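So this block is input30.csv, CSV, N, CA and C atoms:
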```csv
chain,number,residue,atom,x,y,z
A,392,MET,N,0.8,-1.2,0.0
A,392,MET,CA,0.0,0.0,0.0
A,392,MET,C,0.9,1.3,0.0
A,393,ALA,N,1.9,1.3,0.8
A,393,ALA,CA,2.8,2.4,0.9
A,393,ALA,C,3.5,2.7,-0.5
A,394,GLU,N,3.8,1.6,-1.2
A,394,GLU,CA,4.5,1.7,-2.5
A,394,GLU,C,3.6,2.3,-3.5
A,395,GLN,N,2.3,2.0,-3.5
A,395,GLN,CA,1.3,2.7,-4.4
A,395,GLN,C,1.2,4.2,-4.1
A,396,GLU,N,1.2,4.5,-2.8
A,396,GLU,CA,1.2,6.0,-2.4
A,396,GLU,C,2.4,6.7,-2.9
A,397,ASN,N,3.6,6.0,-2.9
A,397,ASN,CA,4.8,6.7,-3.4
A,397,ASN,C,4.7,6.9,-4.9
A,398,VAL,N,4.2,5.9,-5.6
A,398,VAL,CA,4.1,6.0,-7.0
A,398,VAL,C,3.1,7.1,-7.4
A,399,ALA,N,2.0,7.2,-6.6
A,399,ALA,CA,1.0,8.3,-6.9
A,399,ALA,C,1.7,9.7,-6.6
A,400,ARG,N,2.4,9.8,-5.5
A,400,ARG,CA,3.1,11.1,-5.2
A,400,ARG,C,4.1,11.4,-6.3
A,401,ALA,N,4.8,10.4,-6.8
A,401,ALA,CA,5.8,10.6,-7.9
A,401,ALA,C,5.2,11.1,-9.2
A,402,ARG,N,4.0,10.6,-9.5
A,402,ARG,CA,3.3,11.0,-10.7
A,402,ARG,C,2.8,12.4,-10.5
A,403,ARG,N,2.3,12.8,-9.3
A,403,ARG,CA,1.8,14.2,-9.1
A,403,ARG,C,3.0,15.1,-9.2
A,404,ALA,N,4.2,14.7,-8.7
A,404,ALA,CA,5.4,15.6,-8.7
A,404,ALA,C,5.8,15.8,-10.2
A,405,GLU,N,5.7,14.8,-11.0
A,405,GLU,CA,6.0,14.9,-12.4
A,405,GLU,C,5.1,15.9,-13.1
A,406,GLN,N,3.9,16.0,-12.7
A,406,GLN,CA,2.9,16.9,-13.4
A,406,GLN,C,3.1,18.3,-13.0
A,407,ILE,N,3.7,18.6,-11.9
A,407,ILE,CA,3.8,20.0,-11.4
A,407,ILE,C,5.0,20.6,-12.1
A,408,VAL,N,4.8,21.7,-12.7
A,408,VAL,CA,5.8,22.4,-13.4
A,408,VAL,C,5.8,23.8,-12.8
A,409,LYS,N,6.9,24.2,-12.1
A,409,LYS,CA,7.0,25.5,-11.5
A,409,LYS,C,7.5,26.4,-12.6
A,410,LEU,N,6.8,27.5,-12.8
A,410,LEU,CA,7.2,28.5,-13.8
A,410,LEU,C,7.7,29.8,-13.1
A,411,ARG,N,8.8,30.3,-13.6
A,411,ARG,CA,9.3,31.6,-13.0
A,411,ARG,C,9.1,32.6,-14.1
A,412,PRO,N,8.8,33.8,-13.7
A,412,PRO,CA,8.7,34.9,-14.7
A,412,PRO,C,10.1,35.0,-15.4
A,413,THR,N,10.1,35.1,-16.7
A,413,THR,CA,11.3,35.1,-17.5
A,413,THR,C,11.2,36.1,-18.6
A,414,LEU,N,12.3,36.9,-18.7
A,414,LEU,CA,12.4,37.9,-19.8
A,414,LEU,C,13.4,37.3,-20.8
A,415,TYR,N,12.9,36.9,-22.0
A,415,TYR,CA,13.8,36.4,-23.0
A,415,TYR,C,14.3,37.6,-23.8
A,416,ILE,N,15.6,37.6,-24.0
A,416,ILE,CA,16.3,38.7,-24.7
A,416,ILE,C,17.0,38.1,-25.9
A,417,GLY,N,16.6,38.6,-27.1
A,417,GLY,CA,17.2,38.2,-28.3
A,417,GLY,C,18.0,39.3,-28.9
A,418,VAL,N,19.2,39.0,-29.4
A,418,VAL,CA,20.0,40.0,-30.0
A,418,VAL,C,20.3,39.6,-31.4
A,419,GLY,N,20.0,40.5,-32.4
A,419,GLY,CA,20.3,40.2,-33.8
A,419,GLY,C,19.3,39.2,-34.4
A,420,GLY,N,19.6,38.8,-35.6
A,420,GLY,CA,18.8,38.0,-36.4
A,420,GLY,C,18.6,36.6,-35.7
A,421,THR,N,19.7,36.0,-35.3
A,421,THR,CA,19.6,34.7,-34.6
A,421,THR,C,18.8,34.8,-33.3
A,422,GLY,N,19.0,35.8,-32.6
A,422,GLY,CA,18.2,36.0,-31.3
A,422,GLY,C,16.7,36.1,-31.6
A,423,MET,N,16.4,36.8,-32.7
A,423,MET,CA,15.0,36.8,-33.1
A,423,MET,C,14.4,35.5,-33.4
A,424,GLU,N,15.2,34.7,-34.2
A,424,GLU,CA,14.8,33.3,-34.6
A,424,GLU,C,14.5,32.5,-33.3
A,425,VAL,N,15.4,32.6,-32.4
A,425,VAL,CA,15.3,31.8,-31.1
A,425,VAL,C,14.0,32.2,-30.4
A,426,ILE,N,13.8,33.5,-30.3
A,426,ILE,CA,12.6,34.0,-29.6
A,426,ILE,C,11.3,33.5,-30.3
A,427,LEU,N,11.3,33.5,-31.6
A,427,LEU,CA,10.1,33.0,-32.3
A,427,LEU,C,9.9,31.6,-32.1
A,428,ARG,N,11.0,30.8,-32.0
A,428,ARG,CA,10.8,29.4,-31.7
A,428,ARG,C,10.3,29.1,-30.2
A,429,VAL,N,10.8,29.9,-29.3
A,429,VAL,CA,10.3,29.8,-27.9
A,429,VAL,C,8.9,30.1,-27.8
A,430,ARG,N,8.5,31.2,-28.5
A,430,ARG,CA,7.1,31.6,-28.5
A,430,ARG,C,6.2,30.5,-29.1
A,431,ARG,N,6.7,30.0,-30.2
A,431,ARG,CA,5.9,28.9,-30.9
A,431,ARG,C,5.8,27.7,-30.0
A,432,ARG,N,6.8,27.3,-29.2
A,432,ARG,CA,6.8,26.2,-28.3
A,432,ARG,C,5.8,26.4,-27.2
A,433,ILE,N,5.7,27.7,-26.7
A,433,ILE,CA,4.8,28.0,-25.6
A,433,ILE,C,3.4,27.8,-26.1
A,434,LEU,N,3.1,28.3,-27.3
A,434,LEU,CA,1.7,28.1,-27.9
A,434,LEU,C,1.4,26.7,-28.3
A,435,SER,N,2.4,25.9,-28.6
A,435,SER,CA,2.1,24.5,-29.0
A,435,SER,C,2.0,23.6,-27.8
A,436,ALA,N,2.5,24.0,-26.7
A,436,ALA,CA,2.6,23.1,-25.5
A,436,ALA,C,1.2,22.9,-24.9
A,437,VAL,N,1.0,21.7,-24.3
A,437,VAL,CA,-0.2,21.4,-23.6
A,437,VAL,C,0.1,21.7,-22.1
A,438,TRP,N,-0.7,22.6,-21.5
A,438,TRP,CA,-0.5,23.0,-20.1
A,438,TRP,C,-1.6,22.4,-19.2
A,439,GLY,N,-1.3,22.2,-18.0
A,439,GLY,CA,-2.2,21.8,-17.0
A,439,GLY,C,-2.1,20.3,-16.8
A,440,PRO,N,-3.0,19.8,-15.9
A,440,PRO,CA,-2.9,18.4,-15.5
A,440,PRO,C,-3.4,17.5,-16.7
A,441,GLN,N,-3.1,16.2,-16.6
A,441,GLN,CA,-3.4,15.3,-17.7
A,441,GLN,C,-5.0,15.2,-17.9
A,442,ARG,N,-5.7,15.3,-16.8
A,442,ARG,CA,-7.1,15.1,-16.9
A,442,ARG,C,-7.8,16.3,-17.4
A,443,ASN,N,-7.1,17.5,-17.4
A,443,ASN,CA,-7.7,18.7,-17.9
A,443,ASN,C,-6.7,19.5,-18.7
A,444,PRO,N,-6.1,19.0,-19.7
A,444,PRO,CA,-5.1,19.7,-20.4
A,444,PRO,C,-5.6,20.9,-21.2
A,445,THR,N,-4.9,22.0,-21.3
A,445,THR,CA,-5.3,23.1,-22.1
A,445,THR,C,-4.2,23.7,-22.9
A,446,ARG,N,-4.5,24.4,-23.9
A,446,ARG,CA,-3.6,25.1,-24.8
A,446,ARG,C,-3.9,26.6,-24.7
A,447,ILE,N,-2.9,27.4,-24.7
A,447,ILE,CA,-3.2,28.8,-24.7
A,447,ILE,C,-3.3,29.3,-26.1
A,448,ALA,N,-4.2,30.3,-26.4
A,448,ALA,CA,-4.4,30.8,-27.7
A,448,ALA,C,-3.5,32.0,-28.1
A,449,THR,N,-3.1,32.8,-27.1
A,449,THR,CA,-2.2,33.9,-27.3
A,449,THR,C,-1.2,34.0,-26.2
A,450,LEU,N,-0.1,34.7,-26.5
A,450,LEU,CA,0.9,34.8,-25.5
A,450,LEU,C,0.5,35.8,-24.4
A,451,ALA,N,-0.5,36.5,-24.6
A,451,ALA,CA,-1.0,37.4,-23.6
A,451,ALA,C,-1.6,36.5,-22.4
A,452,GLU,N,-2.0,35.3,-22.7
A,452,GLU,CA,-2.5,34.4,-21.7
A,452,GLU,C,-1.3,33.7,-20.9
A,453,PHE,N,-0.1,34.1,-21.2
A,453,PHE,CA,1.1,33.5,-20.6
A,453,PHE,C,2.0,34.6,-20.2
A,454,PRO,N,1.6,35.3,-19.1
A,454,PRO,CA,2.3,36.5,-18.7
A,454,PRO,C,3.7,36.2,-18.1
A,455,VAL,N,4.0,35.0,-17.7
A,455,VAL,CA,5.3,34.7,-17.1
A,455,VAL,C,6.4,34.8,-18.1
A,456,ALA,N,6.2,34.8,-19.4
A,456,ALA,CA,7.2,34.9,-20.4
A,456,ALA,C,7.0,36.3,-21.1
A,457,GLN,N,8.1,37.1,-21.1
A,457,GLN,CA,8.1,38.3,-21.8
A,457,GLN,C,9.3,38.3,-22.7
A,458,PHE,N,9.2,39.1,-23.8
A,458,PHE,CA,10.3,39.0,-24.8
A,458,PHE,C,10.7,40.4,-25.3
A,459,ILE,N,12.0,40.5,-25.6
A,459,ILE,CA,12.5,41.8,-26.2
A,459,ILE,C,13.6,41.4,-27.2
A,460,HIS,N,13.6,42.1,-28.3
A,460,HIS,CA,14.5,41.8,-29.4
A,460,HIS,C,15.3,43.1,-29.7
A,461,PHE,N,16.6,43.0,-29.6
A,461,PHE,CA,17.5,44.1,-30.0
A,461,PHE,C,18.2,43.9,-31.3
A,462,ASP,N,18.2,44.9,-32.2
A,462,ASP,CA,18.9,44.7,-33.5
A,462,ASP,C,19.4,46.1,-33.9
A,463,LEU,N,20.4,46.1,-34.7
A,463,LEU,CA,21.0,47.3,-35.3
A,463,LEU,C,20.6,47.5,-36.7
A,464,ASP,N,20.0,46.6,-37.3
A,464,ASP,CA,19.7,46.6,-38.7
A,464,ASP,C,18.2,46.9,-38.9
A,465,HIS,N,17.9,48.1,-39.4
A,465,HIS,CA,16.5,48.5,-39.7
A,465,HIS,C,15.9,47.6,-40.8
A,466,GLY,N,16.7,47.2,-41.7
A,466,GLY,CA,16.2,46.5,-42.9
A,466,GLY,C,16.3,45.0,-42.7
A,467,ALA,N,16.5,44.5,-41.5
A,467,ALA,CA,16.5,43.0,-41.3
A,467,ALA,C,15.2,42.4,-41.7
A,468,LEU,N,15.3,41.3,-42.3
A,468,LEU,CA,14.1,40.5,-42.7
A,468,LEU,C,13.6,39.8,-41.5
A,469,VAL,N,12.4,40.1,-41.1
A,469,VAL,CA,11.8,39.4,-39.9
A,469,VAL,C,11.5,38.0,-40.2
A,470,GLU,N,10.7,37.7,-41.2
A,470,GLU,CA,10.4,36.4,-41.6
A,470,GLU,C,10.0,36.4,-43.1
A,471,SER,N,10.4,35.4,-43.8
A,471,SER,CA,10.0,35.4,-45.2
A,471,SER,C,8.5,35.2,-45.4
A,472,GLY,N,8.0,35.7,-46.5
A,472,GLY,CA,6.6,35.7,-46.8
A,472,GLY,C,6.1,34.2,-46.8
A,473,LYS,N,6.9,33.3,-47.4
A,473,LYS,CA,6.5,31.9,-47.5
A,473,LYS,C,6.2,31.3,-46.1
A,474,SER,N,7.1,31.6,-45.2
A,474,SER,CA,7.0,31.0,-43.8
A,474,SER,C,5.7,31.5,-43.2
A,475,GLN,N,5.4,32.8,-43.4
A,475,GLN,CA,4.2,33.3,-42.8
A,475,GLN,C,2.9,32.7,-43.4
A,476,ARG,N,3.0,32.4,-44.7
A,476,ARG,CA,1.8,31.9,-45.3
A,476,ARG,C,1.6,30.4,-44.9
A,477,THR,N,2.6,29.7,-44.7
A,477,THR,CA,2.5,28.2,-44.4
A,477,THR,C,2.4,27.9,-42.9
A,478,ASP,N,2.8,28.8,-42.1
A,478,ASP,CA,2.8,28.6,-40.6
A,478,ASP,C,1.5,29.1,-40.0
A,479,PRO,N,0.6,28.2,-39.4
A,479,PRO,CA,-0.6,28.6,-38.8
A,479,PRO,C,-0.4,29.5,-37.6
A,480,LEU,N,0.8,29.4,-37.0
A,480,LEU,CA,1.1,30.2,-35.8
A,480,LEU,C,1.8,31.5,-36.1
A,481,ALA,N,2.1,31.8,-37.3
A,481,ALA,CA,2.9,33.0,-37.7
A,481,ALA,C,2.4,34.3,-37.1
A,482,ASP,N,1.1,34.5,-37.1
A,482,ASP,CA,0.6,35.8,-36.6
A,482,ASP,C,0.7,35.8,-35.0
A,483,ALA,N,0.5,34.6,-34.4
A,483,ALA,CA,0.5,34.6,-33.0
A,483,ALA,C,1.9,34.7,-32.4
A,484,VAL,N,3.0,34.3,-33.1
A,484,VAL,CA,4.3,34.3,-32.6
A,484,VAL,C,5.1,35.5,-33.0
A,485,LYS,N,4.6,36.3,-34.0
A,485,LYS,CA,5.4,37.4,-34.5
A,485,LYS,C,5.6,38.5,-33.4
A,486,LEU,N,6.7,39.1,-33.4
A,486,LEU,CA,7.0,40.2,-32.4
A,486,LEU,C,6.3,41.5,-32.8
A,487,SER,N,5.8,42.1,-31.8
A,487,SER,CA,5.1,43.4,-32.0
A,487,SER,C,6.2,44.5,-31.9
A,488,ASP,N,5.8,45.7,-32.3
A,488,ASP,CA,6.8,46.8,-32.3
A,488,ASP,C,7.2,47.1,-30.9
A,489,GLU,N,6.4,46.8,-29.9
A,489,GLU,CA,6.8,47.0,-28.5
A,489,GLU,C,7.8,46.0,-28.0
A,490,ASP,N,7.9,44.9,-28.7
A,490,ASP,CA,8.8,43.8,-28.3
A,490,ASP,C,10.2,44.0,-29.0
A,491,ARG,N,10.3,45.0,-29.9
A,491,ARG,CA,11.5,45.1,-30.7
A,491,ARG,C,12.1,46.5,-30.4
A,492,LEU,N,13.4,46.5,-30.3
A,492,LEU,CA,14.2,47.8,-30.2
A,492,LEU,C,15.2,47.7,-31.3
A,493,ILE,N,15.0,48.6,-32.3
A,493,ILE,CA,16.0,48.6,-33.4
A,493,ILE,C,16.6,50.0,-33.5
A,494,GLU,N,17.9,50.1,-33.4
A,494,GLU,CA,18.6,51.3,-33.4
A,494,GLU,C,19.8,51.2,-34.4
A,495,ALA,N,20.0,52.2,-35.2
A,495,ALA,CA,21.1,52.1,-36.1
A,495,ALA,C,22.4,52.4,-35.3
A,496,PHE,N,23.5,51.7,-35.7
A,496,PHE,CA,24.8,51.9,-35.1
A,496,PHE,C,25.6,52.7,-36.0
A,497,GLU,N,26.0,53.9,-35.6
A,497,GLU,CA,26.8,54.8,-36.5
A,497,GLU,C,28.2,54.7,-36.1
A,498,ILE,N,29.0,53.8,-36.8
A,498,ILE,CA,30.4,53.5,-36.5
A,498,ILE,C,31.2,54.8,-36.6
A,499,GLU,N,30.9,55.7,-37.5
A,499,GLU,CA,31.7,56.9,-37.7
A,499,GLU,C,31.7,57.8,-36.5
A,500,ARG,N,30.6,57.8,-35.8
A,500,ARG,CA,30.4,58.6,-34.6
A,500,ARG,C,31.4,58.1,-33.5
A,501,TYR,N,31.7,56.9,-33.4
A,501,TYR,CA,32.5,56.4,-32.4
A,501,TYR,C,34.0,56.1,-32.8
A,502,SER,N,34.3,56.2,-34.1
A,502,SER,CA,35.6,55.8,-34.5
A,502,SER,C,36.5,57.1,-34.8
A,503,ARG,N,35.9,58.3,-34.7
A,503,ARG,CA,36.7,59.5,-35.0
A,503,ARG,C,37.8,59.7,-34.0
A,504,SER,N,37.4,59.7,-32.7
A,504,SER,CA,38.4,59.9,-31.7
A,504,SER,C,37.9,59.4,-30.3
A,505,ASP,N,38.8,59.3,-29.4
A,505,ASP,CA,38.4,58.9,-28.0
A,505,ASP,C,37.5,59.9,-27.4
A,506,ASP,N,37.6,61.2,-27.8
A,506,ASP,CA,36.8,62.3,-27.2
A,506,ASP,C,35.3,62.1,-27.6
A,507,ASP,N,35.0,61.5,-28.7
A,507,ASP,CA,33.7,61.3,-29.2
A,507,ASP,C,32.9,60.3,-28.4
A,508,LEU,N,33.7,59.4,-27.8
A,508,LEU,CA,33.0,58.4,-27.0
A,508,LEU,C,32.4,58.9,-25.8
```
As structure tokens, what does this structure read like?
Amino acid sequence: MAEQENVARARRAEQIVKLRPTLYIGVGGTGMEVILRVRRRILSAVWGPQRNPTRIATLAEFPVAQFIHFDLDHGALVESGKSQRTDPLADAVKLSDEDRLIEAFEIERYSRSDDDL
């Protein structure tokens, strides 16, 4: 009898997933790709106990994960048109303007002299 209780406790422990609020920071094009993959996995995952599993429809329903993307290239290709047309989650995982910080890097400004720094 005690062994069955231990097995039941172990199964309950496996089902419990502790989530910590996390800020995902992506830098450059590769960082953006990683962020999009993480966002896609969150939306694709099944959350909750086995007897009542649920999926979330939008990332707004998952406030423990926040995202920010830094890039220096204003002309960076976010995603190709083909991937957006063929991916049913493309609109749900794309980064909003609030999630992105894109600033141009002016190398001339910093390479003239030490005084300009």
Q.
Residues within 6 Å of (2.7, 33.5, -26.7), file coordinates, counting only N, CA and C atoms: what are they? Give the list as a ChimeraX atom specification.
A. /A:430,433-434,449-451,483
Q | Near-Ile416 of chain A list (6.5 Å; only N, CA and C atoms; drop same-chain fewer than 3 positions) as a VMD selection string | A | chain A and resid 422 457 to 461
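Distance check against Arg432 of chain A using only C-alpha atoms: of A:Val455, A:Lys409, A:Asp462, A:Val484, the minimum falls on A:Val484.
Taking atom CA of Arg411 of chain A as the reference point, atom CA of Ala456 of chain A is found at 8.4 Å.
Note that the spacing between atom N of Met423 of chain A and atom N of Ile498 of chain A amounts to 21.6 Å.
Straight-line separation from atom CA of Ala448 of chain A to atom CA of Ser435 of chain A: 9.1 Å.
Comparing A:Gly417, A:Glu494, A:Gln441, A:Arg431 by their smallest distance to Ala481 of chain A, the closest is A:Arg431 (using only N, CA and C atoms).
Each of A:Ile426, A:Leu486, A:Ala436, A:Ala495 was compared to Leu463 of chain A using only N, CA and C atoms, and A:Ala495 turns out to be the nearest.
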